[in-house]
Amino acid sequence: MKTGAITASFQLDYGSFKLEADLSLPGSGISVLFGDSGSGKTTLLRCMAGLERPQHGFFGINGNVWQDSDKNVFVPTHQRSLGYVFQEANLFPHLTVAENLQFGLKRIATQPSNGTILNAVVELLGISHLLDRMPERLSGGERQRVAIARALVLNPAILLMDEPLASLDLKRKQEVMPYLLKLQQEFNIPIVYVTHSRQEVMQLADYLVILENGHVQADGVLRDMLGRLDLPLAQDKDAASVWQGTITGHDNEFQLSNVEFNGVSLSLPNIDAGYGTRLRVQIHARDVSLTLEAPSQTSILNVLPATITGLADDQSGHTIVRLTCGQETLLAHITRKSSQLLGLRADLPVFVQIKGTSLLH
């Protein structure tokens with residue numbers, strides 16, 4: 001069994017479906033459980049919450065053991081210091097927003113800091129103007145923000161989120177996403193987040209777990225997982241790399257911003273944020289081209305030296321190339337013919353031309 005800040009090891013047999021998972025997750029940031037429908041994401045999350053009791057299981061967080069089947073230890077859900085956010089908000093329809101939040105606080109009525117926690121959560125999620133409303137008068141995005149607030153006011157040791165954006169349209173997802181990003185910045189609690197959305201992985205994940213047919217296919221920090229050529233994320237037509245950096249300058253004449261990453265810098269379309277702002281960008285593999293020599297005349301601003309660290313051919317005439325730029329990992333999708341004509345191989349120094357990026361946050 002793996003050990004770490006959050007240790008989860010479960011074996012659950014439904015006959016037609018078996019979950020066998022052994023994980024060690026970091027004690028901070030957002031760990032994303034990713035996979036297709038039926039891969040076991042929600043079942044694994046329910047095991048963590050104590051909503052399922054597997055035949056064999058262990059779950060511990062920061063030294064507190066909530067389940068150990070070998071020692072007949074099982075802490076029921078209502079006694080676990082956790083918050084749980086479902087796909088649907090599941091607010092009490094007969095209570096106002098404020099009363100829904102107060103209902104959650106009853107579980108921790110002995111804690112003297114209840115009011116402080118409540119005020120901080122309300123401010124963080126921007127729901128102060130909604131406190132007197134009934135759930136039926138809320139939009140889908142507002143309901144989910146209230147549901148997240150209700151989980152956070154418990155001041156939990158861990159927050160479990162089961163596809164909280166799945167039932168929302170694109171506009172409402174974009175409304176809620178900034179608040180999810182604030183959670184990891186403002187609250188020092190680990191979040192385990194279930195999704196089947198690749199875009200949510202790119203925007204939110206610090207640590208990624210890929211599930212398939214009830215088993216952990218792979219897990220690791222996001223940068224490493226995106227760069228693994230043996231995993232579907234790198235092989236997909238929408239494969240991308242995610243870099244996190246800091247704004248270091250603005251070029252007002254040309255409406256560009258300079259962003260420093262780990263050992264490299266990029267010129268990006270103007271970003272309305274101040275110096276020192278941390279951000280995350282996505283670089284699609286299809287937007288990266290390779291050349292053996294530095295181009296002398298090109299319209300592409302972001303040309304960087306790089307070294308090839310791996311190659312893999314797919315079944316459709318393309319080669320997936322993994323590279324290092326500074327200390328960052330980058331993927332490129334090129335034709336297999338181009339790969340052969342250039343004589344690409346591991347450890348070969350090249351230049352990458354990054355034709356486009358998208359700002360994740």
# chains A, B, ... in the order shown; residues from 1 in each chain; ligands from 1
>>> residues_around(residues="range 312-321 of chain A", least_positions_apart="6", cutoff="9 Å", atoms="only C-alpha atoms", output="list in words")
Leu229, Asp230, Ala234, Gln235, Ala285, Leu330, Leu331, Ala332, His333, Ile334, Thr335, Arg336, Lys337, Ser338, Ser339 and Leu344 of chain A
>>> residues_around(residues="range 156-163 of chain A", least_positions_apart="4", cutoff="10 Å", atoms="only C-alpha atoms", output="PyMOL selection string")
chain A and resi 6+27-28+30-33+41-43+45-46+48-49+61-62+64+80-88+148+151-152+167+183+188-197+200
>>> select_by_dssp(residues="range 68-297 of chain A", states="alpha helix (DSSP H)", output="JSON list (two decimals) with N, CA and C atoms, in the first residue's frame")
[["chain", "number", "residue", "atom", "x", "y", "z"],
["A", 97, "VAL", "N", -30.79, 30.59, 1.22],
["A", 97, "VAL", "CA", -29.37, 30.32, 1.09],
["A", 97, "VAL", "C", -28.68, 30.39, 2.44],
["A", 98, "ALA", "N", -28.98, 31.44, 3.21],
["A", 98, "ALA", "CA", -28.36, 31.59, 4.54],
["A", 98, "ALA", "C", -28.71, 30.42, 5.44],
["A", 99, "GLU", "N", -29.96, 29.97, 5.39],
["A", 99, "GLU", "CA", -30.39, 28.85, 6.23],
["A", 99, "GLU", "C", -29.75, 27.54, 5.78],
["A", 100, "ASN", "N", -29.53, 27.38, 4.47],
["A", 100, "ASN", "CA", -28.80, 26.20, 3.99],
["A", 100, "ASN", "C", -27.40, 26.18, 4.55],
["A", 101, "LEU", "N", -26.73, 27.33, 4.58],
["A", 101, "LEU", "CA", -25.37, 27.40, 5.12],
["A", 101, "LEU", "C", -25.38, 27.15, 6.63],
["A", 102, "GLN", "N", -26.35, 27.72, 7.33],
["A", 102, "GLN", "CA", -26.43, 27.53, 8.78],
["A", 102, "GLN", "C", -26.70, 26.07, 9.14],
["A", 103, "PHE", "N", -27.44, 25.37, 8.27],
["A", 103, "PHE", "CA", -27.72, 23.96, 8.53],
["A", 103, "PHE", "C", -26.43, 23.17, 8.60],
["A", 104, "GLY", "N", -25.50, 23.48, 7.67],
["A", 104, "GLY", "CA", -24.21, 22.81, 7.70],
["A", 104, "GLY", "C", -23.41, 23.15, 8.95],
["A", 105, "LEU", "N", -23.54, 24.40, 9.40],
["A", 105, "LEU", "CA", -22.77, 24.83, 10.57],
["A", 105, "LEU", "C", -23.19, 24.13, 11.85],
["A", 114, "ASN", "N", -16.98, 29.74, 13.94],
["A", 114, "ASN", "CA", -18.00, 29.52, 12.91],
["A", 114, "ASN", "C", -18.30, 30.77, 12.10],
["A", 115, "GLY", "N", -18.53, 31.90, 12.81],
["A", 115, "GLY", "CA", -18.88, 33.13, 12.12],
["A", 115, "GLY", "C", -17.78, 33.59, 11.19],
["A", 116, "THR", "N", -16.54, 33.46, 11.62],
["A", 116, "THR", "CA", -15.40, 33.85, 10.78],
["A", 116, "THR", "C", -15.34, 33.00, 9.53],
["A", 117, "ILE", "N", -15.52, 31.69, 9.69],
["A", 117, "ILE", "CA", -15.50, 30.78, 8.54],
["A", 117, "ILE", "C", -16.62, 31.12, 7.58],
["A", 118, "LEU", "N", -17.82, 31.32, 8.10],
["A", 118, "LEU", "CA", -18.98, 31.61, 7.26],
["A", 118, "LEU", "C", -18.75, 32.88, 6.45],
["A", 119, "ASN", "N", -18.30, 33.92, 7.11],
["A", 119, "ASN", "CA", -18.08, 35.20, 6.41],
["A", 119, "ASN", "C", -17.02, 35.07, 5.33],
["A", 120, "ALA", "N", -15.95, 34.33, 5.63],
["A", 120, "ALA", "CA", -14.87, 34.15, 4.66],
["A", 120, "ALA", "C", -15.37, 33.38, 3.44],
["A", 121, "VAL", "N", -16.17, 32.35, 3.66],
["A", 121, "VAL", "CA", -16.68, 31.53, 2.57],
["A", 121, "VAL", "C", -17.66, 32.31, 1.71],
["A", 122, "VAL", "N", -18.55, 33.05, 2.35],
["A", 122, "VAL", "CA", -19.53, 33.86, 1.62],
["A", 122, "VAL", "C", -18.82, 34.88, 0.73],
["A", 123, "GLU", "N", -17.77, 35.52, 1.27],
["A", 123, "GLU", "CA", -17.03, 36.51, 0.49],
["A", 123, "GLU", "C", -16.27, 35.84, -0.66],
["A", 124, "LEU", "N", -15.63, 34.72, -0.37],
["A", 124, "LEU", "CA", -14.84, 34.03, -1.39],
["A", 124, "LEU", "C", -15.68, 33.64, -2.59],
["A", 140, "GLY", "N", -28.25, 27.93, -12.12],
["A", 140, "GLY", "CA", -27.50, 26.70, -11.87],
["A", 140, "GLY", "C", -26.13, 26.98, -11.28],
["A", 141, "GLY", "N", -25.44, 27.99, -11.82],
["A", 141, "GLY", "CA", -24.13, 28.35, -11.30],
["A", 141, "GLY", "C", -24.18, 28.85, -9.88],
["A", 142, "GLU", "N", -25.21, 29.65, -9.56],
["A", 142, "GLU", "CA", -25.36, 30.16, -8.21],
["A", 142, "GLU", "C", -25.65, 29.02, -7.23],
["A", 143, "ARG", "N", -26.48, 28.07, -7.64],
["A", 143, "ARG", "CA", -26.77, 26.94, -6.76],
["A", 143, "ARG", "C", -25.51, 26.15, -6.43],
["A", 144, "GLN", "N", -24.65, 25.94, -7.45],
["A", 144, "GLN", "CA", -23.43, 25.20, -7.19],
["A", 144, "GLN", "C", -22.48, 25.97, -6.27],
["A", 145, "ARG", "N", -22.41, 27.28, -6.43],
["A", 145, "ARG", "CA", -21.57, 28.08, -5.55],
["A", 145, "ARG", "C", -22.06, 27.98, -4.11],
["A", 146, "VAL", "N", -23.38, 27.97, -3.92],
["A", 146, "VAL", "CA", -23.93, 27.81, -2.57],
["A", 146, "VAL", "C", -23.62, 26.42, -2.03],
["A", 147, "ALA", "N", -23.73, 25.41, -2.89],
["A", 147, "ALA", "CA", -23.41, 24.05, -2.45],
["A", 147, "ALA", "C", -21.95, 23.93, -2.03],
["A", 148, "ILE", "N", -21.06, 24.57, -2.77],
["A", 148, "ILE", "CA", -19.63, 24.57, -2.40],
["A", 148, "ILE", "C", -19.45, 25.29, -1.07],
["A", 149, "ALA", "N", -20.14, 26.42, -0.91],
["A", 149, "ALA", "CA", -20.05, 27.17, 0.35],
["A", 149, "ALA", "C", -20.53, 26.33, 1.52],
["A", 150, "ARG", "N", -21.62, 25.59, 1.32],
["A", 150, "ARG", "CA", -22.17, 24.77, 2.41],
["A", 150, "ARG", "C", -21.16, 23.70, 2.84],
["A", 151, "ALA", "N", -20.40, 23.18, 1.88],
["A", 151, "ALA", "CA", -19.38, 22.19, 2.23],
["A", 151, "ALA", "C", -18.19, 22.85, 2.94],
["A", 152, "LEU", "N", -17.83, 24.06, 2.53],
["A", 152, "LEU", "CA", -16.65, 24.72, 3.09],
["A", 152, "LEU", "C", -16.86, 25.25, 4.49],
["A", 170, "LEU", "N", -22.17, 25.84, -20.72],
["A", 170, "LEU", "CA", -20.85, 26.44, -20.83],
["A", 170, "LEU", "C", -20.78, 27.78, -20.09],
["A", 171, "LYS", "N", -21.81, 28.60, -20.24],
["A", 171, "LYS", "CA", -21.80, 29.91, -19.59],
["A", 171, "LYS", "C", -21.72, 29.77, -18.08],
["A", 172, "ARG", "N", -22.49, 28.84, -17.51],
["A", 172, "ARG", "CA", -22.49, 28.66, -16.05],
["A", 172, "ARG", "C", -21.19, 28.02, -15.57],
["A", 173, "LYS", "N", -20.60, 27.16, -16.41],
["A", 173, "LYS", "CA", -19.30, 26.59, -16.05],
["A", 173, "LYS", "C", -18.26, 27.70, -15.94],
["A", 174, "GLN", "N", -18.28, 28.61, -16.91],
["A", 174, "GLN", "CA", -17.33, 29.71, -16.90],
["A", 174, "GLN", "C", -17.57, 30.64, -15.71],
["A", 175, "GLU", "N", -18.81, 30.68, -15.24],
["A", 175, "GLU", "CA", -19.14, 31.49, -14.07],
["A", 175, "GLU", "C", -18.55, 30.90, -12.80],
["A", 176, "VAL", "N", -18.60, 29.56, -12.68],
["A", 176, "VAL", "CA", -18.18, 28.90, -11.45],
["A", 176, "VAL", "C", -16.67, 28.66, -11.39],
["A", 177, "MET", "N", -16.04, 28.44, -12.56],
["A", 177, "MET", "CA", -14.63, 28.06, -12.60],
["A", 177, "MET", "C", -13.71, 28.99, -11.81],
["A", 178, "PRO", "N", -13.84, 30.33, -11.93],
["A", 178, "PRO", "CA", -12.94, 31.19, -11.15],
["A", 178, "PRO", "C", -13.02, 30.96, -9.65],
["A", 179, "TYR", "N", -14.21, 30.58, -9.17],
["A", 179, "TYR", "CA", -14.35, 30.34, -7.74],
["A", 179, "TYR", "C", -13.67, 29.03, -7.33],
["A", 180, "LEU", "N", -13.70, 28.04, -8.22],
["A", 180, "LEU", "CA", -12.99, 26.80, -7.92],
["A", 180, "LEU", "C", -11.49, 27.05, -7.83],
["A", 181, "LEU", "N", -10.99, 27.92, -8.70],
["A", 181, "LEU", "CA", -9.56, 28.25, -8.67],
["A", 181, "LEU", "C", -9.20, 28.97, -7.38],
["A", 182, "LYS", "N", -10.11, 29.79, -6.87],
["A", 182, "LYS", "CA", -9.84, 30.51, -5.62],
["A", 182, "LYS", "C", -9.73, 29.57, -4.43],
["A", 183, "LEU", "N", -10.45, 28.46, -4.49],
["A", 183, "LEU", "CA", -10.46, 27.53, -3.36],
["A", 183, "LEU", "C", -9.06, 27.09, -2.99],
["A", 184, "GLN", "N", -8.28, 26.68, -3.99],
["A", 184, "GLN", "CA", -6.95, 26.17, -3.71],
["A", 184, "GLN", "C", -6.01, 27.29, -3.29],
["A", 185, "GLN", "N", -6.32, 28.53, -3.66],
["A", 185, "GLN", "CA", -5.47, 29.65, -3.30],
["A", 185, "GLN", "C", -5.77, 30.17, -1.89],
["A", 186, "GLU", "N", -7.05, 30.12, -1.50],
["A", 186, "GLU", "CA", -7.46, 30.75, -0.24],
["A", 186, "GLU", "C", -7.59, 29.76, 0.91],
["A", 198, "ARG", "N", -11.60, 16.94, -20.13],
["A", 198, "ARG", "CA", -10.18, 17.24, -20.33],
["A", 198, "ARG", "C", -9.88, 18.70, -19.99],
["A", 199, "GLN", "N", -10.78, 19.62, -20.34],
["A", 199, "GLN", "CA", -10.53, 21.03, -20.09],
["A", 199, "GLN", "C", -10.47, 21.33, -18.59],
["A", 200, "GLU", "N", -11.30, 20.67, -17.80],
["A", 200, "GLU", "CA", -11.25, 20.87, -16.35],
["A", 200, "GLU", "C", -9.94, 20.33, -15.78],
["A", 201, "VAL", "N", -9.44, 19.24, -16.36],
["A", 201, "VAL", "CA", -8.13, 18.72, -15.95],
["A", 201, "VAL", "C", -7.06, 19.79, -16.17],
["A", 202, "MET", "N", -7.06, 20.36, -17.37],
["A", 202, "MET", "CA", -6.04, 21.36, -17.72],
["A", 202, "MET", "C", -6.12, 22.59, -16.82],
["A", 203, "GLN", "N", -7.32, 23.01, -16.49],
["A", 203, "GLN", "CA", -7.50, 24.23, -15.71],
["A", 203, "GLN", "C", -7.25, 24.04, -14.23],
["A", 204, "LEU", "N", -7.57, 22.86, -13.69],
["A", 204, "LEU", "CA", -7.62, 22.71, -12.24],
["A", 204, "LEU", "C", -6.53, 21.81, -11.65],
["A", 222, "LEU", "N", 0.62, 16.83, -12.73],
["A", 222, "LEU", "CA", 0.02, 17.06, -14.04],
["A", 222, "LEU", "C", 1.05, 17.14, -15.15],
["A", 223, "ARG", "N", 2.12, 17.89, -14.94],
["A", 223, "ARG", "CA", 3.12, 18.06, -16.01],
["A", 223, "ARG", "C", 3.68, 16.73, -16.47],
["A", 224, "ASP", "N", 3.98, 15.84, -15.53],
["A", 224, "ASP", "CA", 4.53, 14.54, -15.89],
["A", 224, "ASP", "C", 3.51, 13.67, -16.61],
["A", 225, "MET", "N", 2.27, 13.75, -16.16],
["A", 225, "MET", "CA", 1.23, 12.91, -16.77],
["A", 225, "MET", "C", 0.92, 13.33, -18.20],
["A", 226, "LEU", "N", 0.89, 14.63, -18.45],
["A", 226, "LEU", "CA", 0.61, 15.11, -19.80],
["A", 226, "LEU", "C", 1.73, 14.74, -20.76],
["A", 232, "PRO", "N", -3.31, 8.06, -23.01],
["A", 232, "PRO", "CA", -4.22, 8.64, -24.02],
["A", 232, "PRO", "C", -4.16, 10.16, -24.10],
["A", 233, "LEU", "N", -3.85, 10.84, -23.01],
["A", 233, "LEU", "CA", -3.84, 12.31, -23.03],
["A", 233, "LEU", "C", -2.82, 12.85, -24.03],
["A", 234, "ALA", "N", -1.67, 12.18, -24.15],
["A", 234, "ALA", "CA", -0.65, 12.63, -25.10],
["A", 234, "ALA", "C", -0.96, 12.20, -26.52],
["A", 235, "GLN", "N", -1.72, 11.13, -26.67],
["A", 235, "GLN", "CA", -2.00, 10.58, -27.99],
["A", 235, "GLN", "C", -3.21, 11.22, -28.66]]
>>> select_by_dssp(residues="range 82-139 of chain A", states="strand (DSSP E)", output="list in words")
Leu82, Gly83, Tyr84 and Val85 of chain A
>>> atom_distance(atom1="CA of Asn72 in chain A", atom2="CA of Leu23 in chain A")
20.3 Å
>>> atom_distance(atom1="CA of Ser289 in chain A", atom2="CA of Ala306 in chain A")
11.5 Å
>>> atom_distance(atom1="CA of Leu91 in chain A", atom2="CA of Glu52 in chain A")
22.2 Å
>>> closest_residue(among="A:Leu341, A:Leu95, A:Leu359, A:Leu138", to="Ser257 in chain A", atoms="only C-alpha atoms")
A:Leu359
>>> closest_residue(among="A:Leu266, A:Phe10, A:Gln297, A:Leu154", to="Gln79 in chain A", atoms="only C-alpha atoms")
A:Leu154
>>> residues_around(residues="Asp36 in chain A", least_positions_apart="2", cutoff="9 Å", atoms="only C-alpha atoms", output="PyMOL selection string")
chain A and resi 34+38-41+195-196+211-213
>>> closest_residue(among="A:Lys355, A:Arg280, A:Asn258, A:Thr309", to="Asp206 in chain A", atoms="only C-alpha atoms")
A:Arg280
>>> closest_residue(among="A:Leu279, A:Gly35, A:Arg286, A:Ala8", to="Asp236 in chain A", atoms="only C-alpha atoms")
A:Arg286
>>> residues_around(residues="Ala218 in chain A", least_positions_apart="2", cutoff="9 Å", atoms="only C-alpha atoms", output="list in words")
Leu208, Val209, Ile210, Leu211, His215, Val216, Gly220, Met225 and Leu231 of chain A
>>> residues_around(residues="Gly326 in chain A", least_positions_apart="3", cutoff="10 Å", atoms="only C-alpha atoms", output="PyMOL selection string")
chain A and resi 261-265+304-307+323+329
>>> residues_around(residues="Asp68 in chain A", least_positions_apart="6", cutoff="8 Å", atoms="only C-alpha atoms", output="list in words")
Gly57, Phe58, Phe59 and Phe74 of chain A
>>> write_last_selection(atoms="N, CA, C and O atoms", output="PDB file, in the first residue's frame")
ATOM      1  N   GLY A  57     -10.273  -2.085   2.745  1.00  0.00           N
ATOM      2  CA  GLY A  57     -10.042  -0.669   2.527  1.00  0.00           C
ATOM      3  C   GLY A  57      -9.212  -0.011   3.603  1.00  0.00           C
ATOM      4  O   GLY A  57      -9.195  -0.449   4.758  1.00  0.00           O
ATOM      5  N   PHE A  58      -8.506   1.027   3.181  1.00  0.00           N
ATOM      6  CA  PHE A  58      -7.762   1.899   4.105  1.00  0.00           C
ATOM      7  C   PHE A  58      -7.870   3.314   3.579  1.00  0.00           C
ATOM      8  O   PHE A  58      -7.671   3.561   2.387  1.00  0.00           O
ATOM      9  N   PHE A  59      -8.212   4.235   4.481  1.00  0.00           N
ATOM     10  CA  PHE A  59      -8.230   5.650   4.099  1.00  0.00           C
ATOM     11  C   PHE A  59      -7.751   6.489   5.272  1.00  0.00           C
ATOM     12  O   PHE A  59      -8.316   6.432   6.368  1.00  0.00           O
ATOM     13  N   PHE A  74     -13.769   1.857  11.016  1.00  0.00           N
ATOM     14  CA  PHE A  74     -14.576   2.523  10.002  1.00  0.00           C
ATOM     15  C   PHE A  74     -15.312   3.689  10.639  1.00  0.00           C
ATOM     16  O   PHE A  74     -16.258   3.499  11.405  1.00  0.00           O
TER      17      PHE A  74
END
>>> residues_around(residues="Leu19 in chain A", least_positions_apart="6", cutoff="6 Å", atoms="only C-alpha atoms", output="PyMOL selection string")
chain A and resi 11-12+214
>>> write_last_selection(atoms="N, CA, C and O atoms", output="short mmCIF file (atom, residue, chain, number, x, y, z; two decimals), in the first residue's frame")
data_model
loop_
_atom_site.label_atom_id
_atom_site.label_comp_id
_atom_site.auth_asym_id
_atom_site.auth_seq_id
_atom_site.Cartn_x
_atom_site.Cartn_y
_atom_site.Cartn_z
N GLN A 11 -10.67 -2.08 -2.20
CA GLN A 11 -11.07 -3.19 -3.05
C GLN A 11 -12.56 -3.40 -2.83
O GLN A 11 -13.00 -3.74 -1.74
N LEU A 12 -13.32 -3.16 -3.90
CA LEU A 12 -14.77 -3.24 -3.82
C LEU A 12 -15.28 -4.07 -4.99
O LEU A 12 -14.93 -3.80 -6.14
N GLY A 214 -12.11 0.59 -13.21
CA GLY A 214 -11.95 0.36 -11.78
C GLY A 214 -10.52 0.28 -11.30
O GLY A 214 -10.29 0.01 -10.13
#
